[in-house]
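Colleague: Take a look at the following structure, please.
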Amino acid sequence: MKTTEIFKSKKAKWLMFGRDEAKPDKIIDTNQYMIVTENRALLMDPGGIELFAPMLAAVLRHASVEHVTDVFASHQDPDIISSIGLWDQALPDAVLHSPWLWESFIRHFGMKNIQYNAIPDEGGHIDLGGYRVELVPAHYLHSSGNFNIYDPHAKILMSGDIGAALEDTDAPIFVDNFEEHIPKMKGFHERWMPSNSAKNDWVSRVRALDIDFMAPQHGRIFTGENVGKFLDWFEALDVGKVQKK
Ligand SMILES: [Fe+2]
Ligand SMILES: [Fe+2]
């Protein structure tokens, strides 16, 4: 499991865990993220059950188990949060922030200790001891109850499956040429994103944010002008289509 620091200031750092060379072939490669502040850490979309051991080892290099007070799951998918039953043993005092819509489903992964903070549809924020990140609604993109995290200090949008690309485990961390990146994203977004109106609603919401990095759960991170290029491309894309093979 490779760890990349994508932002660092006196207040916080953002880490990305991914590009796992030990990943079994038929499992989609995922990016996990963590914000570490002085006293608290937030683990975002911690991944599948098969990733738990390398993820725990990677996390513990940057924060103790007591330091990781908060976990976020953007939606219910197994590649996002099927590891929660194991994190539940490792982080018994943590809080999981996740859509209210998915509480009775995510609990099937096993949650005896971790508390579930049910995020209302309109979103809200997570306060990490004075360091505040926003929960931005991203419903139907692709899950019917779904959120992004926006950090106004780091100017990072963690966008979950939005902006996802299907890549090899040795792919670069950042998008360099946007045009060349499109074929890795197009089929995924056409098939997995079910609603043009939800998509356009999200694009207008996200355009109002000041974003330096857009960090998806699969593929590469968008920086600088590539964030705007992604929003323009996604807005124009017709989604909710089953492709012919
Ligand atoms: Fe998903
Ligand atoms: Fe995903």
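Residue names in the structure tokens use chain letters A, B, ... in the order shown, residue numbers from 1 in each chain, and ligand numbers from 1 in the order shown.
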Please run DSSP on the backbone and report, as a ChimeraX atom specification, all residues within segment 2-244 of chain A that come out as strand (DSSP E).

Modeller: /A:2-8,12-18,32-37,41-44,68-72,95-99,115-119,124-128,131-137,147-151,156-160,213-216,222-223

Colleague: Determine, counting only C-alpha atoms, which protein, DNA and RNA residues have an atom within 6 Å of an atom of Val136 of chain A; residues of the same chain fewer than 3 positions away are not included. Present the result as number ranges by chain.

Modeller: A: 123, 147-149

Colleague: Could you tell me, as number ranges by chain, which residues of segment 51-131 of chain A DSSP assigns to alpha helix (DSSP H) when given the backbone?

Modeller: A: 52-60, 78-81, 84-90, 103-106

Colleague: Neighbours of ligand 2 at 7 Å or closer, counting only C-alpha atoms and all ligand atoms: which residues, as a PDB file with N, CA and C atoms, in the first residue's frame?

Modeller:
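What follows is the written file result-v9.pdb:
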```
ATOM      1  N   THR A  30      -8.551   1.046  -5.293  1.00  0.00           N
ATOM      2  CA  THR A  30      -9.236   2.146  -4.603  1.00  0.00           C
ATOM      3  C   THR A  30      -8.237   3.090  -3.944  1.00  0.00           C
ATOM      4  N   ASP A  77     -21.146   1.112  -0.625  1.00  0.00           N
ATOM      5  CA  ASP A  77     -20.546   0.064  -1.452  1.00  0.00           C
ATOM      6  C   ASP A  77     -19.452  -0.722  -0.715  1.00  0.00           C
ATOM      7  N   ASP A  79     -16.536  -1.661  -1.759  1.00  0.00           N
ATOM      8  CA  ASP A  79     -15.172  -1.127  -1.937  1.00  0.00           C
ATOM      9  C   ASP A  79     -14.936   0.126  -1.090  1.00  0.00           C
ATOM     10  N   ILE A  80     -16.023   0.696  -0.554  1.00  0.00           N
ATOM     11  CA  ILE A  80     -15.940   1.887   0.304  1.00  0.00           C
ATOM     12  C   ILE A  80     -15.787   1.491   1.768  1.00  0.00           C
ATOM     13  N   GLY A 160     -15.348  10.898  -3.921  1.00  0.00           N
ATOM     14  CA  GLY A 160     -15.889   9.535  -3.973  1.00  0.00           C
ATOM     15  C   GLY A 160     -15.779   8.955  -5.380  1.00  0.00           C
ATOM     16  N   ASP A 161     -16.868   8.375  -5.878  1.00  0.00           N
ATOM     17  CA  ASP A 161     -16.823   7.745  -7.205  1.00  0.00           C
ATOM     18  C   ASP A 161     -16.873   8.765  -8.348  1.00  0.00           C
ATOM     19  N   GLN A 217     -12.189   8.327  -5.498  1.00  0.00           N
ATOM     20  CA  GLN A 217     -11.904   7.061  -4.793  1.00  0.00           C
ATOM     21  C   GLN A 217     -11.257   6.009  -5.698  1.00  0.00           C
ATOM     22  N   HIS A 218     -11.243   6.260  -7.012  1.00  0.00           N
ATOM     23  CA  HIS A 218     -10.504   5.389  -7.945  1.00  0.00           C
ATOM     24  C   HIS A 218      -9.755   6.298  -8.919  1.00  0.00           C
TER      25      HIS A 218
END
```

Colleague: Pick out the closest residue to Ala22 of chain A from this set: A:Pro54, A:Gly47, A:Pro152, A:Pro183. Count only C-alpha atoms.

Modeller: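 Smallest separation from Ala22 of chain A among the options: A:Pro54.
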
Colleague: Applying 9 Å and only C-alpha atoms, which residues near segment 224-238 of chain A remain after dropping the ones on its own chain fewer than 5 positions away? List them as number ranges by chain.

Modeller: A: 163, 175-178, 182, 186, 189-190, 195-196, 199-200, 203-204, 206-207, 211-214

Colleague: Restricting the calculation to only C-alpha atoms and all ligand atoms: of A:Glu103, A:Asp70, A:Asp45, A:Glu21, which residue gets closest to ligand 1?

Modeller: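 Using only C-alpha atoms and all ligand atoms, the shortest distance to ligand 1 belongs to A:Asp45.
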
Colleague: Tell me which protein, DNA and RNA residues are within 10 Å of Arg40 of chain A, counting only C-alpha atoms, leaving out same-chain ones fewer than 5 positions away, and put them as JSON, numbers by chain.

Modeller: {"A": [12, 35, 63, 64, 66, 67, 68, 69, 70, 127, 128, 129, 130, 131]}

Colleague: Counting only C-alpha atoms, which residue out of A:Val242, A:Ala164, A:Val59, A:Leu157 sits closest to Ala90 of chain A?

Modeller: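 For Ala90 of chain A, the nearest of the given residues is A:Val59.
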
Colleague: Please provide the set of residues having any atom within 12 Å of Asp170 of chain A, restricted to only C-alpha atoms, with same-chain residues fewer than 3 positions apart removed, written as a list in words.

Modeller: Met1, Lys2, Gly18, Arg19, Asp20, Glu21, Ala22, Lys23, Asp29, Leu166, Glu167, Ile173, Phe174, Gly219 and Arg220 of chain A

Colleague: Can I get the selection written as a CSV table (one decimal), in the first residue's frame, with N, CA and C atoms?

Modeller:
```csv
chain,number,residue,atom,x,y,z
A,1,MET,N,0.9,-1.2,0.0
A,1,MET,CA,0.0,0.0,0.0
A,1,MET,C,0.9,1.2,0.0
A,2,LYS,N,0.7,2.1,-1.1
A,2,LYS,CA,1.5,3.3,-1.2
A,2,LYS,C,0.8,4.4,-0.5
A,18,GLY,N,-3.1,4.0,-1.5
A,18,GLY,CA,-3.6,3.3,-2.7
A,18,GLY,C,-2.5,2.7,-3.5
A,19,ARG,N,-2.9,2.5,-4.8
A,19,ARG,CA,-2.0,1.8,-5.7
A,19,ARG,C,-1.4,0.6,-5.1
A,20,ASP,N,-2.3,-0.3,-4.6
A,20,ASP,CA,-1.9,-1.5,-3.8
A,20,ASP,C,-1.5,-2.6,-4.8
A,21,GLU,N,-0.2,-2.8,-4.8
A,21,GLU,CA,0.4,-3.9,-5.7
A,21,GLU,C,0.0,-5.3,-5.3
A,22,ALA,N,-0.4,-5.4,-4.0
A,22,ALA,CA,-0.8,-6.8,-3.5
A,22,ALA,C,-2.3,-7.1,-3.8
A,23,LYS,N,-3.0,-6.1,-4.4
A,23,LYS,CA,-4.4,-6.3,-4.6
A,23,LYS,C,-4.7,-7.5,-5.5
A,29,ASP,N,-9.1,-1.2,-8.0
A,29,ASP,CA,-8.1,-0.5,-7.1
A,29,ASP,C,-8.8,0.8,-6.5
A,166,LEU,N,-10.6,4.0,-14.3
A,166,LEU,CA,-10.1,2.6,-14.1
A,166,LEU,C,-8.6,2.6,-14.6
A,167,GLU,N,-7.7,2.3,-13.7
A,167,GLU,CA,-6.3,2.4,-13.9
A,167,GLU,C,-5.6,1.1,-13.4
A,173,ILE,N,-0.2,9.4,-9.7
A,173,ILE,CA,-1.2,9.8,-8.7
A,173,ILE,C,-2.1,11.0,-9.2
A,174,PHE,N,-1.5,11.9,-10.1
A,174,PHE,CA,-2.2,13.0,-10.5
A,174,PHE,C,-2.5,13.0,-12.0
A,219,GLY,N,-8.6,5.9,-9.3
A,219,GLY,CA,-7.8,6.6,-10.3
A,219,GLY,C,-7.0,7.8,-9.8
A,220,ARG,N,-6.9,8.9,-10.6
A,220,ARG,CA,-6.0,10.0,-10.3
A,220,ARG,C,-6.7,11.2,-9.8
```

Colleague: Would you please work out which residue, of A:Leu141, A:Leu60, A:Leu135, A:Ala41, is nearest to ligand 1 when using only C-alpha atoms and all ligand atoms?

Modeller: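 The answer is A:Leu141, which sits nearest to ligand 1.
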
Colleague: Within 8 Å of Ala73 of chain A, counting only C-alpha atoms, which residues show up once you throw out same-chain ones fewer than 2 positions away? Write them as a list in words, please.

Modeller: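 So the residues in contact are Met44, Asp45, Pro46, Val71, His75, Gln76, Ile80, Ile81, Leu96, His97, Ser98 and Pro99 of chain A.
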
Colleague: Do you have the atom CA of Gly187 of chain A-atom CA of Ile27 of chain A distance handy?

Modeller: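 Interatomic distance here is 17.7 Å.
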
Colleague: Have a look at A:Ala198, A:Leu91, A:Ala57, A:Leu15 and name the one nearest to Ala138 of chain A; count only C-alpha atoms.

Modeller: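 Ranked by minimum distance to Ala138 of chain A, first place goes to A:Ala198.
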
Colleague: Which residue out of A:Gly145, A:Gly124, A:Pro92, A:Pro24 has the minimum interatomic distance to ligand 1 when only C-alpha atoms and all ligand atoms are used?

Modeller: A:Gly145

Colleague: Hey, can you check how far atom CA of Asn117 of chain A sits from atom CA of Thr4 of chain A?

Modeller: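 A separation of 28.3 Å between them.
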
Colleague: Please indicate the distance in Å from atom CA of Ile162 of chain A to atom CA of Pro216 of chain A, rounded to one decimal place.

Modeller: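 Atom-to-atom, atom CA of Ile162 of chain A and atom CA of Pro216 of chain A are spaced 6.2 Å apart.
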